[in-house]
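Enquirer: Dropping in my_file09.csv, with CSV, C-alpha atoms.
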chain,number,residue,atom,x,y,z
A,110,MET,CA,117.8,95.2,121.0
A,111,THR,CA,116.7,98.5,119.5
A,112,PRO,CA,117.3,99.1,115.8
A,113,PRO,CA,119.3,102.2,114.8
A,114,VAL,CA,117.3,105.3,113.8
A,115,ALA,CA,117.5,106.8,110.3
A,116,ALA,CA,119.0,110.1,111.5
A,117,GLU,CA,121.9,108.2,113.2
A,118,LEU,CA,122.9,106.6,109.9
A,119,GLY,CA,122.4,109.7,107.9
A,120,LEU,CA,119.4,108.3,106.1
A,121,CYS,CA,116.0,109.8,105.3
A,122,LEU,CA,112.8,108.0,104.3
A,123,CYS,CA,111.3,109.3,101.0
A,124,HIS,CA,107.6,109.9,101.7
A,125,HIS,CA,106.5,109.0,98.2
A,126,CYS,CA,108.4,105.9,97.2
A,127,HIS,CA,109.7,104.7,100.6
A,128,LEU,CA,113.3,104.6,99.5
A,129,ALA,CA,116.0,105.0,102.2
A,130,CYS,CA,117.9,108.0,100.9
A,131,GLU,CA,121.5,108.8,101.9
A,132,LEU,CA,121.3,112.4,103.0
A,133,GLU,CA,125.0,113.0,102.3
A,134,ARG,CA,124.7,112.1,98.6
A,135,HIS,CA,121.2,113.4,98.0
A,136,PRO,CA,120.5,116.1,100.6
A,137,HIS,CA,117.3,117.5,99.1
A,138,VAL,CA,115.7,115.3,96.5
A,139,CYS,CA,115.0,111.6,96.4
A,140,PRO,CA,117.2,110.0,93.7
A,141,ARG,CA,114.5,107.5,92.8
A,142,CYS,CA,111.3,109.4,92.5
A,143,GLY,CA,112.4,113.0,92.6
A,144,ALA,CA,110.3,114.0,95.6
A,145,HIS,CA,111.6,116.6,98.1
A,146,LEU,CA,113.1,115.0,101.2
A,147,HIS,CA,112.1,116.1,104.7
A,148,ARG,CA,113.3,114.5,107.9
A,149,ARG,CA,109.9,115.2,109.4
A,150,LYS,CA,106.7,116.4,107.7
A,151,ARG,CA,106.9,120.2,107.7
A,152,SER,CA,105.3,122.0,110.7
A,153,ALA,CA,103.3,118.9,111.3
A,154,ILE,CA,102.0,119.9,114.7
A,155,ALA,CA,100.8,123.4,113.8
A,156,ARG,CA,99.1,122.2,110.6
A,157,THR,CA,97.4,119.3,112.4
A,158,TRP,CA,96.2,121.5,115.2
A,159,ALA,CA,94.8,124.0,112.6
A,160,LEU,CA,92.9,121.3,110.7
A,161,VAL,CA,91.6,119.6,113.8
A,162,LEU,CA,90.3,122.8,115.3
A,163,THR,CA,88.6,123.9,112.0
A,164,ALA,CA,87.0,120.4,111.7
A,165,LEU,CA,85.8,120.6,115.3
A,166,ILE,CA,84.2,124.0,114.7
A,167,LEU,CA,82.5,122.7,111.5
A,168,TYR,CA,81.3,119.6,113.3
A,169,ILE,CA,78.8,121.8,115.2
A,170,PRO,CA,76.8,123.0,112.2
A,171,ALA,CA,77.2,119.5,110.7
A,172,ASN,CA,75.1,118.1,113.6
A,173,VAL,CA,72.8,121.0,114.2
A,174,LEU,CA,71.8,121.7,110.6
A,175,PRO,CA,69.5,119.3,108.7
A,176,ILE,CA,71.0,116.9,106.3
A,177,MET,CA,67.9,115.9,104.3
A,178,HIS,CA,64.5,117.3,103.4
A,179,THR,CA,61.7,114.9,102.5
A,180,SER,CA,58.6,116.2,101.0
A,181,SER,CA,55.7,113.9,100.1
A,182,PHE,CA,51.9,113.9,100.2
A,183,LYS,CA,52.2,112.8,103.8
A,184,GLY,CA,53.9,116.1,104.6
A,185,ASP,CA,57.3,117.6,104.8
A,186,SER,CA,60.1,116.7,107.2
A,187,THR,CA,63.7,117.6,107.7
A,188,THR,CA,66.2,115.4,109.5
A,189,THR,CA,69.5,115.9,111.2
A,190,ILE,CA,72.1,113.1,111.5
A,191,LEU,CA,71.2,112.3,115.1
A,192,GLY,CA,67.5,112.8,114.3
A,193,SER,CA,67.7,110.1,111.6
A,194,VAL,CA,69.6,107.7,113.9
A,195,VAL,CA,66.9,108.2,116.6
A,196,THR,CA,64.0,107.7,114.1
A,197,LEU,CA,65.6,104.5,112.7
A,198,TRP,CA,66.1,103.1,116.2
A,199,GLN,CA,62.5,103.8,117.1
A,200,GLU,CA,61.3,102.1,113.9
A,201,GLY,CA,63.2,99.0,115.0
A,202,ALA,CA,66.0,99.3,112.5
A,203,TRP,CA,68.6,99.2,115.2
A,204,ASP,CA,71.3,97.7,113.0
A,205,ILE,CA,71.2,100.5,110.4
A,206,ALA,CA,70.9,103.0,113.3
A,207,THR,CA,74.1,101.6,114.8
A,208,ILE,CA,76.0,101.7,111.5
A,209,ILE,CA,75.1,105.3,110.9
A,210,PHE,CA,75.8,106.3,114.5
A,211,VAL,CA,79.3,104.7,114.4
A,212,ALA,CA,80.1,106.2,111.0
A,213,SER,CA,78.8,109.7,111.7
A,214,VAL,CA,79.4,110.2,115.4
A,215,GLY,CA,81.7,107.5,116.6
A,216,VAL,CA,84.4,107.8,114.0
A,217,PRO,CA,84.7,111.7,113.9
A,218,VAL,CA,84.6,111.9,117.7
A,219,THR,CA,87.3,109.2,118.0
A,220,LYS,CA,89.4,111.1,115.5
A,221,PHE,CA,89.1,114.3,117.4
A,222,LEU,CA,90.0,112.7,120.7
A,223,VAL,CA,92.9,110.6,119.3
A,224,LEU,CA,94.4,113.5,117.4
A,225,GLY,CA,94.1,115.8,120.4
A,226,LEU,CA,95.8,113.2,122.6
A,227,LEU,CA,98.6,112.6,120.1
A,228,LEU,CA,99.2,116.3,119.6
A,229,CYS,CA,99.2,117.0,123.4
A,230,THR,CA,101.6,114.2,124.3
A,231,VAL,CA,104.0,115.0,121.4
A,232,HIS,CA,104.0,118.6,122.5
A,233,ARG,CA,104.8,117.6,126.1
A,234,GLY,CA,107.5,115.3,124.8
A,235,SER,CA,105.9,112.4,126.7
A,236,GLU,CA,107.7,109.0,126.6
A,237,ARG,CA,104.9,106.9,127.9
A,238,SER,CA,103.4,104.1,125.8
A,239,ARG,CA,104.8,105.3,122.5
A,240,ARG,CA,104.1,102.0,120.9
A,241,ASP,CA,100.4,102.2,121.8
A,242,ARG,CA,100.2,105.8,120.6
A,243,THR,CA,101.7,104.8,117.2
A,244,ARG,CA,99.1,102.0,117.1
A,245,LEU,CA,96.4,104.6,117.7
A,246,TYR,CA,97.7,106.6,114.7
A,247,ARG,CA,97.6,103.6,112.5
A,248,GLY,CA,94.0,103.1,113.6
A,249,LEU,CA,93.2,106.7,112.5
A,250,GLU,CA,94.6,106.0,109.1
A,251,LEU,CA,92.3,103.0,108.8
A,252,ILE,CA,89.0,104.5,109.9
A,253,GLY,CA,89.7,107.8,108.1
A,254,TYR,CA,87.1,108.0,105.4
A,255,TRP,CA,84.3,105.8,106.7
A,256,SER,CA,82.4,108.8,108.1
A,257,MET,CA,81.6,109.8,104.5
A,258,LEU,CA,78.9,107.2,104.7
A,259,ASP,CA,76.0,109.6,105.5
A,260,VAL,CA,77.0,111.9,102.6
A,261,PHE,CA,76.7,109.0,100.2
A,262,VAL,CA,73.5,107.7,101.6
A,263,ALA,CA,71.9,111.2,101.2
A,264,ALA,CA,73.3,111.5,97.7
A,265,LEU,CA,71.8,108.1,96.7
A,266,LEU,CA,68.4,108.7,98.3
A,267,THR,CA,68.3,112.1,96.6
A,268,ALA,CA,69.0,110.6,93.2
A,269,LEU,CA,66.5,107.7,93.7
A,270,VAL,CA,63.5,109.5,95.2
A,271,GLN,CA,62.6,112.3,92.9
A,272,PHE,CA,59.1,113.4,91.9
A,273,GLY,CA,57.8,109.8,92.3
A,274,ALA,CA,54.9,108.6,94.3
A,275,LEU,CA,57.3,108.9,97.3
A,276,GLY,CA,57.8,112.6,96.9
A,277,THR,CA,61.2,114.2,96.8
A,278,ILE,CA,64.3,114.1,98.9
A,279,GLU,CA,66.7,117.0,98.8
A,280,PRO,CA,70.1,117.4,100.4
A,281,ARG,CA,70.5,120.2,103.0
A,282,PRO,CA,73.6,122.1,104.2
A,283,GLY,CA,74.3,119.8,107.1
A,284,ILE,CA,75.7,117.3,104.5
A,285,LEU,CA,78.1,120.0,103.2
A,286,PHE,CA,79.5,120.7,106.7
A,287,PHE,CA,79.7,117.0,107.5
A,288,GLY,CA,81.7,116.3,104.3
A,289,LEU,CA,84.1,119.1,105.1
A,290,VAL,CA,84.6,117.7,108.6
A,291,VAL,CA,85.6,114.3,107.0
A,292,ILE,CA,88.0,115.9,104.5
A,293,LEU,CA,89.6,118.1,107.2
A,294,THR,CA,90.1,115.3,109.7
A,295,MET,CA,91.6,113.1,106.9
A,296,LEU,CA,94.0,116.0,106.0
A,297,ALA,CA,94.8,116.4,109.7
A,298,THR,CA,95.7,112.7,110.0
A,299,LEU,CA,97.9,112.9,106.9
A,300,SER,CA,99.7,116.0,108.1
A,301,PHE,CA,100.6,114.5,111.5
A,302,ASP,CA,103.9,112.8,111.6
A,303,PRO,CA,103.9,109.7,113.9
A,304,ARG,CA,107.7,109.7,114.1
A,305,LEU,CA,107.4,112.8,116.3
A,306,ILE,CA,106.1,110.4,119.0
A,307,TRP,CA,109.5,108.6,118.9
A,308,ASP,CA,111.7,111.7,118.7
A,309,THR,CA,112.0,111.9,122.5
A,310,ASP,CA,114.5,109.0,122.2
A,311,ALA,CA,117.1,111.1,120.5
A,312,ASN,CA,117.5,113.3,123.7
A,313,ASP,CA,118.1,110.3,126.0
A,314,ASP,CA,121.1,108.7,124.4
B,239,MET,CA,122.4,104.1,91.1
B,240,SER,CA,121.7,103.6,94.7
B,241,ASP,CA,118.3,102.2,93.9
B,242,ASN,CA,118.7,98.8,95.3
B,243,THR,CA,119.7,99.7,98.8
B,244,PRO,CA,119.2,96.8,101.2
B,245,LEU,CA,117.8,99.1,103.9
B,246,ILE,CA,114.3,99.8,104.7
B,247,ILE,CA,113.0,102.5,107.1
B,248,CYS,CA,109.9,102.2,109.3
B,249,GLU,CA,107.5,104.9,108.2
B,250,TYR,CA,106.1,105.3,111.7
B,251,CYS,CA,109.2,105.5,113.9
B,252,ASP,CA,112.2,105.9,111.6
B,253,ALA,CA,113.9,102.6,112.7
B,254,VAL,CA,116.3,101.2,110.1
B,255,TYR,CA,116.4,97.5,109.1
B,256,GLN,CA,118.0,95.2,106.5
B,257,ARG,CA,115.4,94.2,104.0
B,258,PRO,CA,114.3,90.8,105.1
B,259,THR,CA,113.6,87.8,102.8
B,260,LEU,CA,110.0,86.7,103.4
B,261,ALA,CA,108.1,83.6,102.6
B,262,ILE,CA,104.5,83.7,101.5
B,263,HIS,CA,102.2,84.5,104.4
B,264,GLN,CA,105.1,86.1,106.3
B,265,GLN,CA,105.1,89.8,107.3
B,266,ALA,CA,107.9,91.9,108.8
B,267,HIS,CA,106.9,94.2,111.6
B,268,CYS,CA,108.9,96.9,113.3
B,269,VAL,CA,110.2,95.8,116.7
B,270,ARG,CA,110.0,99.3,118.1
B,271,CYS,CA,106.5,100.4,117.1
B,272,GLY,CA,104.9,97.3,115.6
B,273,GLY,CA,104.3,99.0,112.2
B,274,LEU,CA,104.2,96.9,109.0
B,275,LEU,CA,107.6,97.0,107.3
B,276,ALA,CA,107.3,94.6,104.4
B,277,ARG,CA,105.2,91.7,103.1
B,278,PRO,CA,105.6,89.5,100.1
B,279,HIS,CA,103.8,90.5,96.9
B,280,LEU,CA,100.5,88.8,96.3
B,281,PHE,CA,100.5,89.2,92.5
B,282,HIS,CA,102.9,89.0,89.6
B,283,VAL,CA,103.0,92.1,87.4
B,284,ASP,CA,101.1,90.3,84.7
B,285,HIS,CA,98.4,89.3,87.2
B,286,LEU,CA,98.1,92.9,88.2
B,287,LEU,CA,97.7,93.9,84.5
B,288,ALA,CA,94.9,91.3,84.1
B,289,LEU,CA,93.1,92.6,87.2
B,290,CYS,CA,93.5,96.1,85.8
B,291,VAL,CA,91.7,95.1,82.6
B,292,THR,CA,88.9,93.7,84.8
B,293,ALA,CA,88.8,97.0,86.6
B,294,ILE,CA,88.4,98.9,83.3
B,295,MET,CA,85.5,96.7,82.4
B,296,LEU,CA,83.9,97.3,85.8
B,297,VAL,CA,84.3,101.0,85.4
B,298,ALA,CA,82.7,100.9,82.0
B,299,PHE,CA,79.8,98.8,83.4
B,300,LEU,CA,79.3,101.1,86.4
B,301,SER,CA,79.2,104.2,84.2
B,302,PHE,CA,76.0,102.9,82.4
B,303,TYR,CA,74.3,100.5,84.7
B,304,PRO,CA,72.5,101.7,87.9
B,305,VAL,CA,73.6,100.8,91.4
B,306,LEU,CA,70.1,100.8,92.8
B,307,VAL,CA,66.6,100.5,91.3
B,308,ILE,CA,63.4,101.3,93.2
B,309,ARG,CA,59.9,100.4,92.1
B,310,THR,CA,56.8,102.2,93.3
B,311,GLY,CA,53.4,101.5,91.9
B,312,GLY,CA,54.1,101.2,88.2
B,313,GLN,CA,57.1,103.6,88.2
B,314,THR,CA,60.8,102.6,88.4
B,315,HIS,CA,63.6,104.9,89.3
B,316,ASP,CA,67.2,104.0,89.1
B,317,ALA,CA,70.5,105.7,90.1
B,318,THR,CA,74.0,105.2,88.8
B,319,LEU,CA,77.1,106.3,90.6
B,320,VAL,CA,77.2,109.5,88.6
B,321,ASP,CA,73.5,110.2,89.2
B,322,ALA,CA,74.1,110.0,93.0
B,323,VAL,CA,77.0,112.5,92.7
B,324,TRP,CA,74.9,114.7,90.4
B,325,ALA,CA,72.0,114.8,92.9
B,326,LEU,CA,74.2,116.7,95.3
B,327,THR,CA,74.6,119.6,92.9
B,328,GLU,CA,71.0,120.6,93.6
B,329,GLY,CA,70.5,123.1,96.3
B,330,PRO,CA,73.1,124.3,98.8
B,331,THR,CA,75.4,121.3,98.6
B,332,GLY,CA,77.3,122.1,95.4
B,333,ILE,CA,80.8,121.9,96.8
B,334,MET,CA,79.9,118.5,98.4
B,335,ALA,CA,79.1,117.3,94.9
B,336,LEU,CA,82.7,118.2,93.8
B,337,LEU,CA,84.1,116.3,96.8
B,338,ALA,CA,81.9,113.3,96.2
B,339,ALA,CA,82.7,113.3,92.5
B,340,PHE,CA,86.4,113.4,93.4
B,341,SER,CA,86.3,110.5,95.8
B,342,VAL,CA,84.1,108.0,94.0
B,343,VAL,CA,84.6,109.0,90.3
B,344,VAL,CA,87.7,111.0,89.6
B,345,VAL,CA,90.1,109.2,92.0
B,346,PRO,CA,89.2,105.6,91.1
B,347,VAL,CA,89.1,106.3,87.4
B,348,THR,CA,92.5,108.0,87.6
B,349,GLN,CA,93.9,105.2,89.6
B,350,VAL,CA,92.8,102.6,87.1
B,351,ALA,CA,94.1,104.7,84.2
B,352,LEU,CA,97.5,105.2,85.8
B,353,LEU,CA,97.8,101.5,86.7
B,354,THR,CA,96.9,100.5,83.2
B,355,TRP,CA,99.6,102.8,81.8
B,356,LEU,CA,102.3,101.7,84.2
B,357,LEU,CA,101.5,98.0,84.1
B,358,GLY,CA,101.0,97.9,80.4
B,359,PHE,CA,104.6,99.1,79.9
B,360,ALA,CA,105.8,96.9,82.8
B,361,HIS,CA,104.6,93.9,80.9
B,362,PHE,CA,107.3,94.7,78.3
B,363,ARG,CA,109.9,95.3,81.1
B,364,GLN,CA,109.9,99.0,80.4
B,365,ARG,CA,109.3,102.1,82.4
B,366,ALA,CA,106.3,104.0,81.1
B,367,PRO,CA,106.8,107.6,79.9
B,368,GLY,CA,106.3,109.8,83.0
B,369,PHE,CA,106.9,106.8,85.3
B,370,ARG,CA,108.1,108.8,88.3
B,371,GLY,CA,105.1,111.2,88.1
B,372,CYS,CA,102.6,108.4,87.7
B,373,MET,CA,103.9,106.4,90.6
B,374,ARG,CA,103.9,109.5,92.8
B,375,TRP,CA,100.4,110.4,91.9
B,376,LEU,CA,99.3,106.8,92.6
B,377,ALA,CA,100.8,107.0,96.1
B,378,THR,CA,99.1,110.5,96.7
B,379,LEU,CA,95.7,109.4,95.5
B,380,GLY,CA,95.8,106.2,97.6
B,381,PRO,CA,93.8,107.4,100.7
B,382,TRP,CA,91.2,109.3,98.7
B,383,SER,CA,89.3,106.5,97.0
B,384,MET,CA,86.0,106.0,98.8
B,385,LEU,CA,84.2,103.4,96.7
B,386,GLU,CA,83.9,100.9,99.6
B,387,VAL,CA,82.2,103.6,101.7
B,388,PHE,CA,79.9,104.3,98.8
B,389,LEU,CA,79.1,100.6,98.6
B,390,LEU,CA,78.1,100.5,102.3
B,391,GLY,CA,76.1,103.7,101.7
B,392,ALA,CA,74.2,102.0,99.0
B,393,LEU,CA,73.4,99.1,101.3
B,394,VAL,CA,72.3,101.4,104.0
B,395,ALA,CA,70.1,103.4,101.5
B,396,VAL,CA,68.4,100.1,100.5
B,397,PHE,CA,67.5,99.3,104.1
B,398,LYS,CA,66.4,102.9,104.8
B,399,ILE,CA,63.8,102.9,102.1
B,400,THR,CA,62.6,99.3,102.1
B,401,GLY,CA,59.3,98.8,103.8
B,402,ARG,CA,58.0,101.9,102.0
B,403,ILE,CA,58.9,100.7,98.5
B,404,GLU,CA,60.5,97.9,96.7
B,405,VAL,CA,64.2,98.2,96.3
B,406,LEU,CA,66.0,96.0,93.9
B,407,PRO,CA,69.7,95.6,94.4
B,408,THR,CA,71.4,95.3,91.0
B,409,MET,CA,74.5,93.9,89.4
B,410,GLY,CA,75.8,97.4,89.8
B,411,LEU,CA,76.3,96.8,93.5
B,412,LEU,CA,78.3,93.6,92.8
B,413,ALA,CA,80.4,95.5,90.3
B,414,LEU,CA,81.0,98.2,92.8
B,415,GLY,CA,82.1,95.7,95.4
B,416,GLY,CA,84.4,94.1,92.9
B,417,LEU,CA,85.9,97.4,91.7
B,418,SER,CA,86.6,98.6,95.3
B,419,LEU,CA,88.3,95.3,96.1
B,420,LEU,CA,90.4,95.4,93.0
B,421,ILE,CA,91.5,99.0,93.7
B,422,ILE,CA,92.4,98.2,97.3
B,423,GLY,CA,94.4,95.2,96.0
B,424,MET,CA,96.2,96.8,93.1
B,425,ALA,CA,96.9,100.4,94.2
B,426,GLY,CA,98.3,99.4,97.6
B,427,ARG,CA,101.8,98.2,98.3
B,428,ASP,CA,102.0,95.7,95.5
B,429,VAL,CA,102.5,98.3,92.8
B,430,GLN,CA,105.4,99.9,94.7
B,431,ARG,CA,107.5,97.0,93.6
B,432,LEU,CA,107.7,98.5,90.1
B,433,TRP,CA,110.3,100.9,91.6
B,434,ASP,CA,112.6,98.0,92.3
B,435,GLU,CA,111.8,95.7,89.4
B,436,LEU,CA,112.1,98.1,86.4
B,437,PRO,CA,115.5,99.4,85.7
Once more with this new file: its structure as structure tokens, please.

Expert:
Amino acid sequence: MTPPVAAELGLCLCHHCHLACELERHPHVCPRCGAHLHRRKRSAIARTWALVLTALILYIPANVLPIMHTSSFKGDSTTTILGSVVTLWQEGAWDIATIIFVASVGVPVTKFLVLGLLLCTVHRGSERSRRDRTRLYRGLELIGYWSMLDVFVAALLTALVQFGALGTIEPRPGILFFGLVVILTMLATLSFDPRLIWDTDANDD
Amino acid sequence: MSDNTPLIICEYCDAVYQRPTLAIHQQAHCVRCGGLLARPHLFHVDHLLALCVTAIMLVAFLSFYPVLVIRTGGQTHDATLVDAVWALTEGPTGIMALLAAFSVVVVPVTQVALLTWLLGFAHFRQRAPGFRGCMRWLATLGPWSMLEVFLLGALVAVFKITGRIEVLPTMGLLALGGLSLLIIGMAGRDVQRLWDELP
């Protein structure tokens, strides 16, 4: 048995307080929290595309540019994200290397692929495995911010290692681009509307 | 008021259901897309208020005590949460400092402040002044608190520099873990009940 859809009953979900609003009595504003009501998030597809593509472009400098600069009496060195993963792996710290790799490469790449897939299938009006695609979207919401990890590691190391016997660690622009990628992909996930996946139903019956 | 409608709508696929009555440990999932529709509340409003007071103390603790301490030779260096954010202001990563400050300082502190305000009044069965606005802000800030990521970052930082120097994990790390758990627990779905419970 399939449950009725909000539109059939003249209802609309309030995004802020999750009240089921009757559109006939309250066509524009949620009676409980005063937020504006929209049947679907506004121009969800265009916004999500724009944010994903910007993030994808910024992901290139995030990986190419160095994220940290270490200067000590042993000499200076700059590292990129992948560079630090490789170094850690070679030093035998494979567990930390894996954590950093998953957070800074695995999570963003997964987000790009999944958002791209969702956008393409919604655009084509595909009806295949809608349940699984919705599950993918919930996965995106869950992993969202974990890629900020490297930014925080760099920040902590910079704060700790300053002018001591160890030398100095400074942040480099790679961190900036990387942080922007995380924020943009989070915004992209928020602006996508998973209900678009199910909207093909309305045309059938 | 149409406040107490018995209907709930799945936020992932727009399916409409009657609000179910759930026992503890039961959850309602959407039959169409599998999304979570409803689950019973873990805490009473007064329990939430008590947790909120704990969170305030942890915030105060974290603003003075360091999260990590390192010792090299005779020197010790330590870093608090704010120090770490401040470190990003040096050099070309100024904007990043703003983003980091937002996600590990501004958002959590605002969440705790809003929760204290709302729950304090809820204790006396009243809606706090600005109730609607505060509740909407809480919902909006939800996804942007990154304390738990910062905690993992601190642990990774420990392992990245051990070997070369002695790193001492502090009580600050424990406090950070506690605070992130509290914020996840309090600012989530549980607080949304205030919409229904307060007239």

Enquirer: Which protein, DNA or RNA residues have an atom at most 6 Å from (72.4, 115.9, 116.2), counting only C-alpha atoms? List them as a PyMOL selection string.

Expert: chain A and resi 172-173+189-191

Enquirer: Can you work out which one of B:His279, B:Arg309, B:Arg270, B:Lys398 has the shortest atom-to-atom distance to Gly201 (chain A), counting all atoms listed in the file?

Expert: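 Closest to Gly201 (chain A), using all atoms listed in the file: B:Lys398.
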
Enquirer: Expressed in Å to a single decimal, how great is the separation between CA of Phe287 (chain A) and CA of Val320 (chain B)?

Expert: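 Interatomic distance, CA of Phe287 (chain A) to CA of Val320 (chain B): 20.5 Å.
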
Enquirer: Any idea what's packed within 8 Å of region 289-302 of chain B, counting all atoms listed in the file, ignoring anything in its chain fewer than 4 positions away? Could you give it as JSON, numbers by chain?

Expert: {"B": [285, 318, 319, 320, 347, 350, 353, 354, 410, 413, 414, 416, 417, 420, 421, 424]}

Enquirer: Would you export the selected residues with C-alpha atoms as a compact mmCIF listing (two decimals), keeping the file's coordinate frame, please?

Expert:
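Listing of selection_11.txt after writing:
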# COMPACT_ATOMS: atom_id res chain seq x y z
CA HIS B 285 98.40 89.30 87.20
CA THR B 318 74.00 105.20 88.80
CA LEU B 319 77.10 106.30 90.60
CA VAL B 320 77.20 109.50 88.60
CA VAL B 347 89.10 106.30 87.40
CA VAL B 350 92.80 102.60 87.10
CA LEU B 353 97.80 101.50 86.70
CA THR B 354 96.90 100.50 83.20
CA GLY B 410 75.80 97.40 89.80
CA ALA B 413 80.40 95.50 90.30
CA LEU B 414 81.00 98.20 92.80
CA GLY B 416 84.40 94.10 92.90
CA LEU B 417 85.90 97.40 91.70
CA LEU B 420 90.40 95.40 93.00
CA ILE B 421 91.50 99.00 93.70
CA MET B 424 96.20 96.80 93.10

Enquirer: Taking a cut-off of 12 Å and counting all atoms listed in the file, can you build a table that, for each residue of region 373-435 of chain B near region 290-313 of chain A, reports the nearest atom pair and how far apart they are in Å (one decimal), sorted by chain then residue number, as CSV?

Expert:
residue,atom,partner,partner_atom,distance
B:Thr378,CA,A:Leu299,CA,10.5
B:Gly380,CA,A:Leu299,CA,11.7
B:Pro381,CA,A:Met295,CA,8.7
B:Trp382,CA,A:Met295,CA,9.0
B:Met384,CA,A:Ile292,CA,11.6

Enquirer: Can you tell me how far CA of Glu117 (chain A) sits from CA of Ala155 (chain A), in Å to one decimal?

Expert: 26.0 Å

Enquirer: What is the CA of Gln256 (chain B)-CA of Cys268 (chain B) distance in Å, reported with one decimal?

Expert: 11.5 Å

Enquirer: Residues near region 202-213 of chain A, anyone? I mean within 10 Å using only C-alpha atoms, not counting same-chain ones fewer than 5 positions away, as a VMD selection string.

Expert: (chain A and resid 171 to 172 190 to 191 193 to 197 218 to 219 252 254 to 260 262 287 291) or (chain B and resid 387 390 to 391 393 to 395 397 to 398)

Enquirer: Calculated over all atoms listed in the file, which of the candidates A:Glu200, A:Val114, A:Cys142, A:Ala264 has the smallest distance to Val342 (chain B)?

Expert: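 Closest candidate: A:Ala264.
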
Enquirer: Please provide the set of residues having any atom within 12 Å of Leu118 (chain A), restricted to only C-alpha atoms, with same-chain residues fewer than 6 positions apart removed, written as a list in words.

Expert: Pro112, Ala129, Cys130, Glu131, Leu132 and Glu133 of chain A; Leu245, Ile247, Asp252, Ala253, Val254 and Tyr255 of chain B
